Every structure is written in structure tokens, then in C-alpha cells.
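Coordinates from start_29.txt are shown below (compact mmCIF, C-alpha atoms).
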```txt
# COMPACT_ATOMS: atom_id res chain seq x y z
CA MET A 1 41.07 -8.83 5.24
CA SER A 2 37.73 -10.58 5.57
CA PHE A 3 36.77 -8.12 8.33
CA LEU A 4 37.61 -5.19 6.05
CA ARG A 5 35.65 -6.76 3.22
CA THR A 6 32.66 -7.35 5.51
CA PHE A 7 32.92 -3.80 6.86
CA LEU A 8 33.02 -2.27 3.37
CA ARG A 9 30.25 -4.56 2.18
CA PHE A 10 28.05 -3.48 5.09
CA TRP A 11 28.51 0.22 4.32
CA TYR A 12 28.01 -0.36 0.58
CA ASP A 13 24.73 -2.14 1.31
CA PHE A 14 23.75 0.52 3.83
CA VAL A 15 24.44 3.56 1.62
CA ILE A 16 24.05 2.26 -1.93
CA GLY A 17 21.45 -0.43 -1.19
CA ASP A 18 19.87 -2.81 -3.69
CA ASP A 19 19.95 -0.58 -6.75
CA TRP A 20 23.22 1.22 -7.53
CA VAL A 21 21.46 3.04 -10.38
CA VAL A 22 19.66 5.21 -7.80
CA ALA A 23 22.95 6.34 -6.25
CA ALA A 24 24.55 6.91 -9.65
CA GLY A 25 21.51 8.84 -10.89
CA VAL A 26 21.52 11.07 -7.80
CA VAL A 27 25.22 11.88 -8.25
CA VAL A 28 24.72 12.70 -11.96
CA ALA A 29 21.63 14.84 -11.18
CA LEU A 30 23.48 16.81 -8.51
CA ALA A 31 26.46 17.30 -10.83
CA GLY A 32 24.11 18.58 -13.54
CA THR A 33 22.47 20.96 -11.06
CA ALA A 34 25.89 22.28 -9.99
CA ALA A 35 26.96 22.73 -13.64
CA LEU A 36 23.81 24.73 -14.48
CA ALA A 37 24.06 26.83 -11.31
CA HIS A 38 27.70 27.68 -11.95
CA ALA A 39 26.85 28.61 -15.54
CA GLY A 40 24.41 31.18 -14.15
CA VAL A 41 21.32 29.30 -15.33
CA ALA A 42 18.31 28.60 -13.08
CA ALA A 43 18.98 25.06 -11.88
CA TRP A 44 16.36 24.36 -9.18
CA TRP A 45 14.03 22.52 -11.59
CA LEU A 46 16.56 19.87 -12.63
CA LEU A 47 16.63 17.85 -9.41
CA PRO A 48 12.83 17.28 -9.11
CA VAL A 49 12.70 16.19 -12.76
CA ALA A 50 15.74 13.93 -12.35
CA VAL A 51 14.41 12.43 -9.11
CA ALA A 52 11.07 11.57 -10.75
CA ALA A 53 12.97 9.94 -13.64
CA ILE A 54 15.26 7.98 -11.27
CA LEU A 55 12.25 6.80 -9.25
CA ILE A 56 10.40 5.58 -12.34
CA PHE A 57 13.53 3.96 -13.80
CA SER A 58 14.29 2.14 -10.55
CA LEU A 59 10.67 0.95 -10.31
CA VAL A 60 10.79 -0.39 -13.88
CA ARG A 61 14.02 -2.27 -13.07
CA ALA A 62 12.53 -3.70 -9.90
CA VAL A 63 9.32 -4.82 -11.63
CA ARG A 64 11.29 -6.46 -14.46
CA ALA A 65 13.46 -8.26 -11.92
CA THR A 66 10.39 -9.80 -10.24
CA ARG A 67 9.07 -11.24 -13.52
CA MET B 1 7.61 24.62 8.61
CA SER B 2 10.87 22.83 7.81
CA THR B 3 11.52 22.32 11.54
CA THR B 4 8.12 20.68 11.99
CA LEU B 5 8.74 18.43 8.99
CA LEU B 6 12.18 17.61 10.40
CA ILE B 7 10.69 16.37 13.68
CA VAL B 8 7.89 14.50 11.89
CA SER B 9 10.42 12.79 9.58
CA VAL B 10 12.68 11.67 12.39
CA PHE B 11 9.74 10.63 14.59
CA LEU B 12 8.13 8.49 11.87
CA ALA B 13 11.41 6.92 10.73
CA CYS B 14 12.38 6.13 14.29
CA ALA B 15 8.92 4.77 15.18
CA VAL B 16 8.97 2.33 12.27
CA GLU B 17 12.47 1.09 13.04
CA ALA B 18 11.61 0.88 16.75
CA VAL B 19 8.61 -1.35 15.96
CA GLU B 20 10.90 -3.68 14.01
CA ALA B 21 13.54 -3.68 16.75
CA LEU B 22 10.84 -4.32 19.37
CA THR B 23 9.76 -7.50 17.55
CA ILE B 24 13.33 -8.86 17.69
CA VAL B 25 13.85 -7.87 21.33
CA LEU B 26 10.52 -9.48 22.30
CA ALA B 27 11.55 -12.70 20.56
CA ALA B 28 14.86 -12.70 22.44
CA GLY B 29 13.29 -11.80 25.79
CA THR B 30 10.22 -14.02 25.82
CA THR B 31 11.91 -17.18 24.50
CA ARG B 32 15.38 -16.83 26.10
CA ASP B 33 16.25 -14.42 28.90
CA TRP B 34 14.92 -10.94 29.52
CA ARG B 35 17.98 -9.74 31.46
CA SER B 36 20.35 -10.67 28.63
CA ALA B 37 18.00 -9.21 25.99
CA LEU B 38 17.66 -5.90 27.84
CA THR B 39 21.44 -5.76 28.34
CA GLY B 40 21.74 -6.15 24.56
CA VAL B 41 19.22 -3.32 24.06
CA GLY B 42 21.23 -1.06 26.37
CA ALA B 43 24.50 -1.90 24.60
CA GLY B 44 22.91 -1.24 21.19
CA LEU B 45 21.49 2.12 22.30
CA LEU B 46 24.89 3.11 23.74
CA VAL B 47 26.63 2.39 20.41
CA LEU B 48 23.96 4.37 18.54
CA ALA B 49 24.31 7.31 20.94
CA ALA B 50 28.10 7.21 20.47
CA ILE B 51 27.68 7.28 16.66
CA VAL B 52 25.36 10.32 16.84
CA ALA B 53 27.60 12.05 19.41
CA ALA B 54 30.70 11.49 17.27
CA LEU B 55 29.30 12.22 13.81
CA GLY B 56 27.03 15.15 14.76
CA PRO B 57 29.75 17.56 15.92
CA ALA B 58 32.17 16.27 13.23
CA LEU B 59 29.75 17.35 10.49
CA THR B 60 29.47 20.88 11.90
CA VAL B 61 33.05 21.66 10.81
CA VAL B 62 32.18 20.97 7.15
CA PRO B 63 31.30 24.16 5.18
CA ILE B 64 27.51 24.50 4.91
CA GLY B 65 27.42 24.29 1.10
CA ALA B 66 29.44 21.06 0.94
CA LEU B 67 27.53 19.69 3.91
CA ARG B 68 24.14 20.27 2.28
CA LEU B 69 25.38 18.70 -0.96
CA LEU B 70 26.59 15.61 0.91
CA VAL B 71 23.53 15.39 3.16
CA GLY B 72 21.22 16.00 0.19
CA ALA B 73 22.85 13.22 -1.83
CA LEU B 74 22.69 10.71 1.02
CA LEU B 75 19.08 11.57 1.91
CA LEU B 76 18.07 11.29 -1.74
CA ILE B 77 19.66 7.86 -2.10
CA LEU B 78 18.07 6.64 1.13
CA GLY B 79 14.69 8.27 0.52
CA LEU B 80 14.37 7.00 -3.05
CA GLN B 81 15.13 3.45 -1.94
CA TRP B 82 12.50 3.64 0.81
CA LEU B 83 10.03 5.04 -1.74
CA VAL B 84 10.74 2.39 -4.39
CA LYS B 85 10.12 -0.40 -1.89
CA ALA B 86 7.05 1.32 -0.42
CA ILE B 87 5.57 1.72 -3.92
CA LEU B 88 6.32 -1.93 -4.76
CA ARG B 89 4.64 -3.10 -1.54
CA ALA B 90 1.67 -0.78 -1.98
CA SER B 91 1.10 -2.05 -5.52
CA GLY B 92 1.39 -5.69 -4.47
CA ARG B 93 4.72 -6.27 -6.24
CA LYS B 94 6.53 -7.11 -3.04
CA ALA B 95 5.44 -9.38 -0.22
CA PRO B 96 3.88 -7.66 2.80
CA HIS B 97 5.88 -7.30 5.99
CA ASP B 98 4.31 -9.17 8.89
CA GLU B 99 5.57 -8.46 12.42
CA ARG B 100 3.81 -11.55 13.80
CA GLU B 101 5.50 -13.78 11.22
CA ILE B 102 8.91 -12.22 11.93
CA PHE B 103 8.34 -12.66 15.67
CA ALA B 104 7.43 -16.34 15.18
CA ARG B 105 10.51 -16.93 12.99
CA GLU B 106 12.91 -15.20 15.39
CA ALA B 107 11.35 -16.94 18.39
CA ALA B 108 11.69 -20.37 16.75
CA ALA B 109 15.35 -19.72 15.95
CA ALA B 110 15.93 -18.47 19.49
CA ARG B 111 14.36 -21.60 21.02
CA ALA B 112 16.56 -23.83 18.87
CA ALA B 113 19.83 -22.13 19.87
CA ASP B 114 21.99 -23.69 22.60
CA PRO B 115 22.44 -21.82 25.90
CA ASP B 116 25.79 -20.04 26.12
CA ARG B 117 27.01 -17.86 29.04
CA ARG B 118 29.75 -15.33 28.20
CA PHE B 119 31.31 -12.58 30.31
CA ALA B 120 28.59 -11.45 32.74
CA VAL B 121 25.77 -12.18 30.30
CA PRO B 122 23.66 -15.23 31.26
CA ASP B 123 22.41 -15.84 27.71
CA TRP B 124 24.73 -14.71 24.94
CA TYR B 125 22.25 -15.56 22.15
CA ALA B 126 19.54 -13.32 23.63
CA PHE B 127 22.09 -10.55 24.16
CA THR B 128 23.47 -10.62 20.60
CA LEU B 129 20.00 -10.98 19.03
CA ALA B 130 18.70 -7.90 20.89
CA PHE B 131 21.97 -5.97 20.37
CA LYS B 132 22.02 -6.58 16.61
CA GLY B 133 18.30 -5.84 16.31
CA VAL B 134 18.61 -2.48 18.03
CA LEU B 135 21.89 -1.54 16.31
CA LEU B 136 20.92 -2.48 12.76
CA GLU B 137 17.39 -1.06 12.94
CA GLY B 138 18.68 2.03 14.74
CA LEU B 139 21.62 2.76 12.47
CA GLU B 140 19.43 4.18 9.74
CA VAL B 141 17.66 6.38 12.27
CA ALA B 142 21.00 7.55 13.72
CA PHE B 143 22.04 8.41 10.16
CA ILE B 144 18.80 10.35 9.58
CA VAL B 145 19.16 12.17 12.92
CA VAL B 146 22.75 13.17 12.14
CA THR B 147 22.05 14.31 8.57
CA PHE B 148 18.84 16.18 9.41
CA GLY B 149 20.46 17.75 12.44
CA ALA B 150 23.47 18.84 10.42
CA GLY B 151 21.34 20.13 7.55
CA THR B 152 19.11 22.30 9.73
CA GLY B 153 21.36 22.95 12.72
CA HIS B 154 18.68 21.39 14.96
CA THR B 155 20.40 18.19 16.10
CA VAL B 156 18.79 18.43 19.55
CA LEU B 157 15.29 18.57 18.01
CA ALA B 158 16.13 15.61 15.75
CA VAL B 159 17.35 13.59 18.74
CA ALA B 160 14.21 14.60 20.68
CA GLY B 161 12.00 13.33 17.84
CA ALA B 162 13.88 10.00 17.80
CA VAL B 163 13.75 9.58 21.59
CA ALA B 164 10.01 10.40 21.66
CA ALA B 165 9.35 7.69 19.07
CA VAL B 166 11.39 5.08 20.96
CA VAL B 167 9.63 5.92 24.24
CA LEU B 168 6.19 5.74 22.62
CA VAL B 169 6.82 2.44 20.82
CA THR B 170 8.39 0.91 23.96
CA ALA B 171 5.44 2.02 26.10
CA VAL B 172 2.88 0.59 23.65
CA GLY B 173 4.95 -2.58 23.27
CA LEU B 174 5.06 -3.06 27.05
CA SER B 175 1.29 -2.57 27.33
CA VAL B 176 0.49 -4.91 24.43
CA ARG B 177 3.24 -7.41 25.36
CA GLY B 178 3.58 -8.55 21.76
CA PRO B 179 4.77 -7.44 18.31
CA LEU B 180 3.02 -4.28 17.10
CA ALA B 181 1.46 -5.84 14.01
CA ARG B 182 -1.23 -3.18 13.66
CA VAL B 183 1.13 -0.25 13.21
CA PRO B 184 0.68 1.02 9.62
CA GLU B 185 4.38 0.60 8.86
CA ASN B 186 4.14 0.92 5.10
CA THR B 187 2.20 4.16 5.26
CA MET B 188 4.74 5.52 7.73
CA LYS B 189 7.68 4.43 5.58
CA PHE B 190 5.94 5.84 2.52
CA ALA B 191 5.70 9.18 4.31
CA VAL B 192 9.31 9.02 5.50
CA GLY B 193 10.49 8.17 1.98
CA ILE B 194 8.65 11.22 0.64
CA LEU B 195 10.10 13.49 3.33
CA LEU B 196 13.67 12.18 2.97
CA THR B 197 13.46 12.59 -0.80
CA THR B 198 12.06 16.11 -0.42
CA PHE B 199 14.76 17.29 1.99
CA GLY B 200 17.37 15.53 -0.17
CA MET B 201 16.22 17.52 -3.21
CA TYR B 202 16.02 20.77 -1.27
CA TRP B 203 19.43 20.59 0.40
CA GLY B 204 21.11 18.85 -2.52
CA ALA B 205 20.10 21.62 -4.96
CA GLU B 206 21.11 24.34 -2.49
CA GLY B 207 24.45 22.63 -1.88
CA ALA B 208 24.99 22.43 -5.64
CA GLY B 209 24.52 26.20 -5.89
CA ALA B 210 20.87 26.43 -7.00
CA SER B 211 18.30 28.70 -5.33
CA TRP B 212 14.70 27.56 -4.75
CA PRO B 213 11.89 29.93 -5.76
CA GLY B 214 10.27 30.99 -2.48
CA ALA B 215 13.14 29.53 -0.41
CA ASP B 216 11.62 27.35 2.40
CA ALA B 217 8.17 27.67 0.82
CA ALA B 218 9.38 25.27 -1.86
CA ILE B 219 9.52 22.40 0.66
CA PRO B 220 5.73 21.71 0.95
CA VAL B 221 5.46 21.96 -2.84
CA LEU B 222 8.21 19.36 -3.19
CA VAL B 223 6.44 17.13 -0.63
CA ALA B 224 3.22 17.35 -2.64
CA LEU B 225 4.94 16.66 -5.97
CA THR B 226 6.89 13.67 -4.60
CA ALA B 227 3.72 12.25 -3.04
CA LEU B 228 1.80 12.75 -6.28
CA VAL B 229 4.44 10.98 -8.43
CA SER B 230 4.63 8.12 -5.92
CA LEU B 231 0.85 7.62 -5.70
CA VAL B 232 0.52 7.75 -9.49
CA ALA B 233 3.26 5.10 -9.70
CA VAL B 234 1.33 2.89 -7.25
CA ALA B 235 -1.87 3.31 -9.30
CA ILE B 236 -0.10 2.51 -12.59
CA LEU B 237 1.64 -0.56 -11.17
CA ARG B 238 -1.62 -1.86 -9.70
CA ARG B 239 -3.36 -1.57 -13.06
CA ALA B 240 -0.45 -2.64 -15.26
CA GLY B 241 0.16 -6.16 -14.16
CA ASP B 242 -0.98 -9.00 -12.01
CA PRO B 243 0.13 -7.94 -8.57
CA ARG B 244 0.36 -10.66 -5.97
CA ALA B 245 -1.47 -8.90 -3.17
CA ALA B 246 -2.43 -5.38 -4.13
CA GLY B 247 -4.10 -3.71 -1.17
CA PRO B 248 -4.26 -0.51 0.80
CA ILE B 249 -0.91 1.10 1.53
CA ASP B 250 -1.53 0.52 5.24
CA ALA B 251 -1.47 -3.23 4.79
CA ILE B 252 1.96 -3.32 3.33
CA GLU B 253 5.44 -2.94 4.72
CA VAL B 254 8.87 -2.00 3.49
CA SER B 255 12.13 -3.19 4.93
CA ARG B 256 15.61 -2.19 3.87
```
Starting from the file, lay out its structure as C-alpha cells.
Amino acid sequence: MSFLRTFLRFWYDFVIGDDWVVAAGVVVALAGTAALAHAGVAAWWLLPVAVAAILIFSLVRAVRATR
Amino acid sequence: MSTTLLIVSVFLACAVEAVEALTIVLAAGTTRDWRSALTGVGAGLLVLAAIVAALGPALTVVPIGALRLLVGALLLILGLQWLVKAILRASGRKAPHDEREIFAREAAAARAADPDRRFAVPDWYAFTLAFKGVLLEGLEVAFIVVTFGAGTGHTVLAVAGAVAAVVLVTAVGLSVRGPLARVPENTMKFAVGILLTTFGMYWGAEGAGASWPGADAAIPVLVALTALVSLVAVAILRRAGDPRAAGPIDAIEVSR
């Protein structure tokens, strides 16, 4: 059990990393892009905007955490 | 264009991780036992090769749309985290990475450990230190090689970029015979973060069903935009607060 927990913890840390908000934001942004694309609307612009927002949001969280 | 960026991305990512792995291997080899340390390096490289060999072909059976969505998501998560830390280091919000300091710390711990012979390995501590160093630093590179290879269909080129970086860093390390403290790791990781984020956006959007204006021509535009946002963030953070050690990007390091 402890091996499984360690194994899962390792992969969580490896993929998700320090800030789970980044991973969650990426998933939401990709879902939004897929929704727009399947609705027949130009969707290419959404991801760059969302990525810039996620980057800034994660930086703000990190800076606040160091204070 | 995208193939060149692919090789550059893998080469830079692998070079940075190889520098970090080299520091650990040097600590194990110089303070304990070179034979055991090099056996650990070989074992670590074998495991990494097995991971790439197993995951690479496995990903080719996934439909290209789903594959690009998955690869895009993973590269975005990884790239954004590299970028966040690179920006924090570059703006002085995170302590600089120092290969000499890491070498000294690892070497001190290695000297303090008791000798322990296991299986055919004369020094188990040196073996495990080198093995873990190579495996953990290399895992991210193996992941990048697999995802980039799967996304472009150029796994061989991705592997070639990784191998070239390892050979170069090893050759320089052998000639210097010490940790490569002068390598501009933060700048390299900054660049890798930008490239991973760019390819993550490009493939992620395509996998989600969107089409980029200009197709592949969108990639350099995305690189430029990501770099611009990141550099503006560094400038704002440097001005906004009281950073501990704001300096040139070259002087600062990121580690995941």
C-alpha cells in the first residue's frame, strides 16, 4: 500500500507539480477550445489567451506564497 | 521549422538535465567509487531507454487527434511550470541554482555514508546516488522525447537531439572534471519552457479541433508571444517588489 501511495505520489508530483491550478487551468482551456471548435466557431485564439492568464495567475500565487 | 524547433527543444532540455545529473554523478564518483557510480549511470540510462522504447511505439496506436490533445495538455502543464519557475528565478523571487553548492552538498553526504557492498557493486551508495540522479533528471527528458516524437512522428530525431546533448555535456564534464557551474541553465530552461508551452498550445488546440491560421507558420508567432509575455512578467516582478537577488536571466536556475 505504501509502495502504491509512493508511486502515485511520484507521478502526481511529476505531472501536476507544485501548482495544481496550472493543470486544472490547462484542462479547462482545452475543454473550452474543443467546445468552441465543435460549435463551428474559430477557437485557435482561446488557448494563447488562457495560457497567458494561467501563467500570470500562477506567478501571482507563487509570489504571494513567498511573502 | 517545427522539426528544427523540436530538436532544439529536446537538445536544450536534455543538456540542462544532463548538467544536473553530471553534478550528482561527479559527487558519487569523486568521493566514493567511480566503478559503482558509472554502473549506476549505465543502469539509469538503460531504464530511461526502456521507458522511451516502451512508451514511444505505444503512443503511435493512439488516434492522432486524441494523441495531440493529450501531448498538448502534458506539454502545457510541464512547460508552464518550467516557465513560472524560470520567471521567478529571473526576477529574483527564487533562490539561484548553484551547481558548485549542490556538488559540495552531495559530496559531503556521500563522504558521511557508510561503505556497503551489495550484489556485484563495490559501493552501493555511489551506485544508487548515480542511478537516481540519472533516472530522475532523465525522466523529464524521456517524457519530452516521447511526447515530441509522438506529436511530430520524428521520435528518432528527438532521441538524436537528446543523445547529442548527453554526449556534449559528458565530454565537457570530462574535460573540466568538475560541475558545469558556468552553463547558463536558467536561460536554457527559460527557452525550453517557452518551446514546451508553444508546442503544447499548438498541438493541444489542434487536438481539440481548432485550426491555426497559417498552420505551421503559427508556431514562431506563438514562440514570440510566449517569450514576450514571460519577459514582461520578469520585468514587472523585478520592479514590483523587493526581489532577493534580481539579476540577469543567465545567473539564475530553475529546478523542478
What box, with edges along x, y and z, holds each listed atom of stretch 1-16 of chain A when 8 Å is added on every side, and can you state its centre and edge lengths in Å to one decimal, as AutoDock Vina command-line options?
```
--center_x 32.4 --center_y -3.5 --center_z 3.2 --size_x 33.3 --size_y 30.1 --size_z 26.3
```
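For the set A:Leu36, A:Val22, A:Val27, A:Val41, the residue with the smallest atom-to-atom gap to A:Phe57 is A:Val22, counting only C-alpha atoms.
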Within 12 Å of stretch 117-124 of chain B, counting only C-alpha atoms, which residues qualify if same-chain residues fewer than 2 places away don't, as a ChimeraX atom specification? /B:28-29,31-40,43,110-111,113-115,126-132
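Closest to B:Met201 among B:Val166, B:Ala142, B:Gly56, B:Gly72 is B:Gly72, based on only C-alpha atoms.
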Under the rule of at most 9 Å, produce a per-residue listing of chain B near chain A: chain, number, name, the closest pair of atoms, and the distance in Å, as a tab-separated table, using only C-alpha atoms.
```
residue	atom	partner	partner_atom	distance
B:Leu69	CA	A:Leu30	CA	8.0
B:Ala73	CA	A:Val26	CA	6.5
B:Leu74	CA	A:Val15	CA	7.4
B:Leu76	CA	A:Val26	CA	7.0
B:Ile77	CA	A:Ala23	CA	5.5
B:Leu78	CA	A:Val15	CA	7.1
B:Leu80	CA	A:Leu55	CA	6.6
B:Gln81	CA	A:Gly17	CA	7.5
B:Leu83	CA	A:Leu55	CA	8.0
B:Val84	CA	A:Leu59	CA	6.1
B:Lys85	CA	A:Leu59	CA	8.5
B:Ile87	CA	A:Leu59	CA	8.2
B:Leu88	CA	A:Leu59	CA	7.6
B:Arg93	CA	A:Val63	CA	7.2
B:Lys94	CA	A:Thr66	CA	8.6
B:Glu140	CA	A:Phe14	CA	8.2
B:Thr197	CA	A:Val51	CA	8.4
B:Thr198	CA	A:Pro48	CA	8.8
B:Met201	CA	A:Leu47	CA	6.2
B:Tyr202	CA	A:Leu47	CA	8.7
B:Gly204	CA	A:Leu30	CA	6.8
B:Ala205	CA	A:Trp44	CA	6.3
B:Glu206	CA	A:Trp44	CA	8.2
B:Gly207	CA	A:Ala34	CA	8.2
B:Ala208	CA	A:Ala34	CA	4.4
B:Gly209	CA	A:Ala37	CA	5.5
B:Ala210	CA	A:Ala37	CA	5.4
B:Ser211	CA	A:Trp44	CA	6.1
B:Trp212	CA	A:Trp44	CA	5.7
B:Pro213	CA	A:Trp44	CA	7.9
B:Leu222	CA	A:Pro48	CA	7.8
B:Leu225	CA	A:Pro48	CA	8.5
B:Thr226	CA	A:Ala52	CA	7.7
B:Val229	CA	A:Ala52	CA	7.0
B:Ser230	CA	A:Leu55	CA	8.4
B:Ala233	CA	A:Ile56	CA	7.6
B:Leu237	CA	A:Val63	CA	8.8
B:Arg256	CA	A:Gly17	CA	7.9
```
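For the pair atom CA of B:Asp216 and atom CA of B:Gly65, the interatomic distance is 16.1 Å.
Nearest to B:Glu99 of all the residues B:Leu22, B:Leu12, B:Ala162, B:Val176 is B:Leu22, counting all atoms listed in the file.
When atom CA of B:Ala18 is paired with atom CA of B:Val169, their separation reads 6.5 Å.
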Extract, using only C-alpha atoms, all DNA, RNA and protein residues at most 12 Å from B:Val8, discarding same-chain residues fewer than 2 positions from it, and format them as a VMD selection string. chain B and resid 1 to 6 10 to 15 144 to 145 148 157 to 162 164 to 165 188 to 189 191 to 192 194 to 196
Would you put the residues from that selection into a file with C-alpha atoms, as a compact mmCIF listing (two decimals), in the frame of the given file?
```
# COMPACT_ATOMS: atom_id res chain seq x y z
CA MET B 1 7.61 24.62 8.61
CA SER B 2 10.87 22.83 7.81
CA THR B 3 11.52 22.32 11.54
CA THR B 4 8.12 20.68 11.99
CA LEU B 5 8.74 18.43 8.99
CA LEU B 6 12.18 17.61 10.40
CA VAL B 10 12.68 11.67 12.39
CA PHE B 11 9.74 10.63 14.59
CA LEU B 12 8.13 8.49 11.87
CA ALA B 13 11.41 6.92 10.73
CA CYS B 14 12.38 6.13 14.29
CA ALA B 15 8.92 4.77 15.18
CA ILE B 144 18.80 10.35 9.58
CA VAL B 145 19.16 12.17 12.92
CA PHE B 148 18.84 16.18 9.41
CA LEU B 157 15.29 18.57 18.01
CA ALA B 158 16.13 15.61 15.75
CA VAL B 159 17.35 13.59 18.74
CA ALA B 160 14.21 14.60 20.68
CA GLY B 161 12.00 13.33 17.84
CA ALA B 162 13.88 10.00 17.80
CA ALA B 164 10.01 10.40 21.66
CA ALA B 165 9.35 7.69 19.07
CA MET B 188 4.74 5.52 7.73
CA LYS B 189 7.68 4.43 5.58
CA ALA B 191 5.70 9.18 4.31
CA VAL B 192 9.31 9.02 5.50
CA ILE B 194 8.65 11.22 0.64
CA LEU B 195 10.10 13.49 3.33
CA LEU B 196 13.67 12.18 2.97
```
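Separating atom CA of B:Glu106 from atom CA of B:Ile24 is a distance of 6.8 Å.
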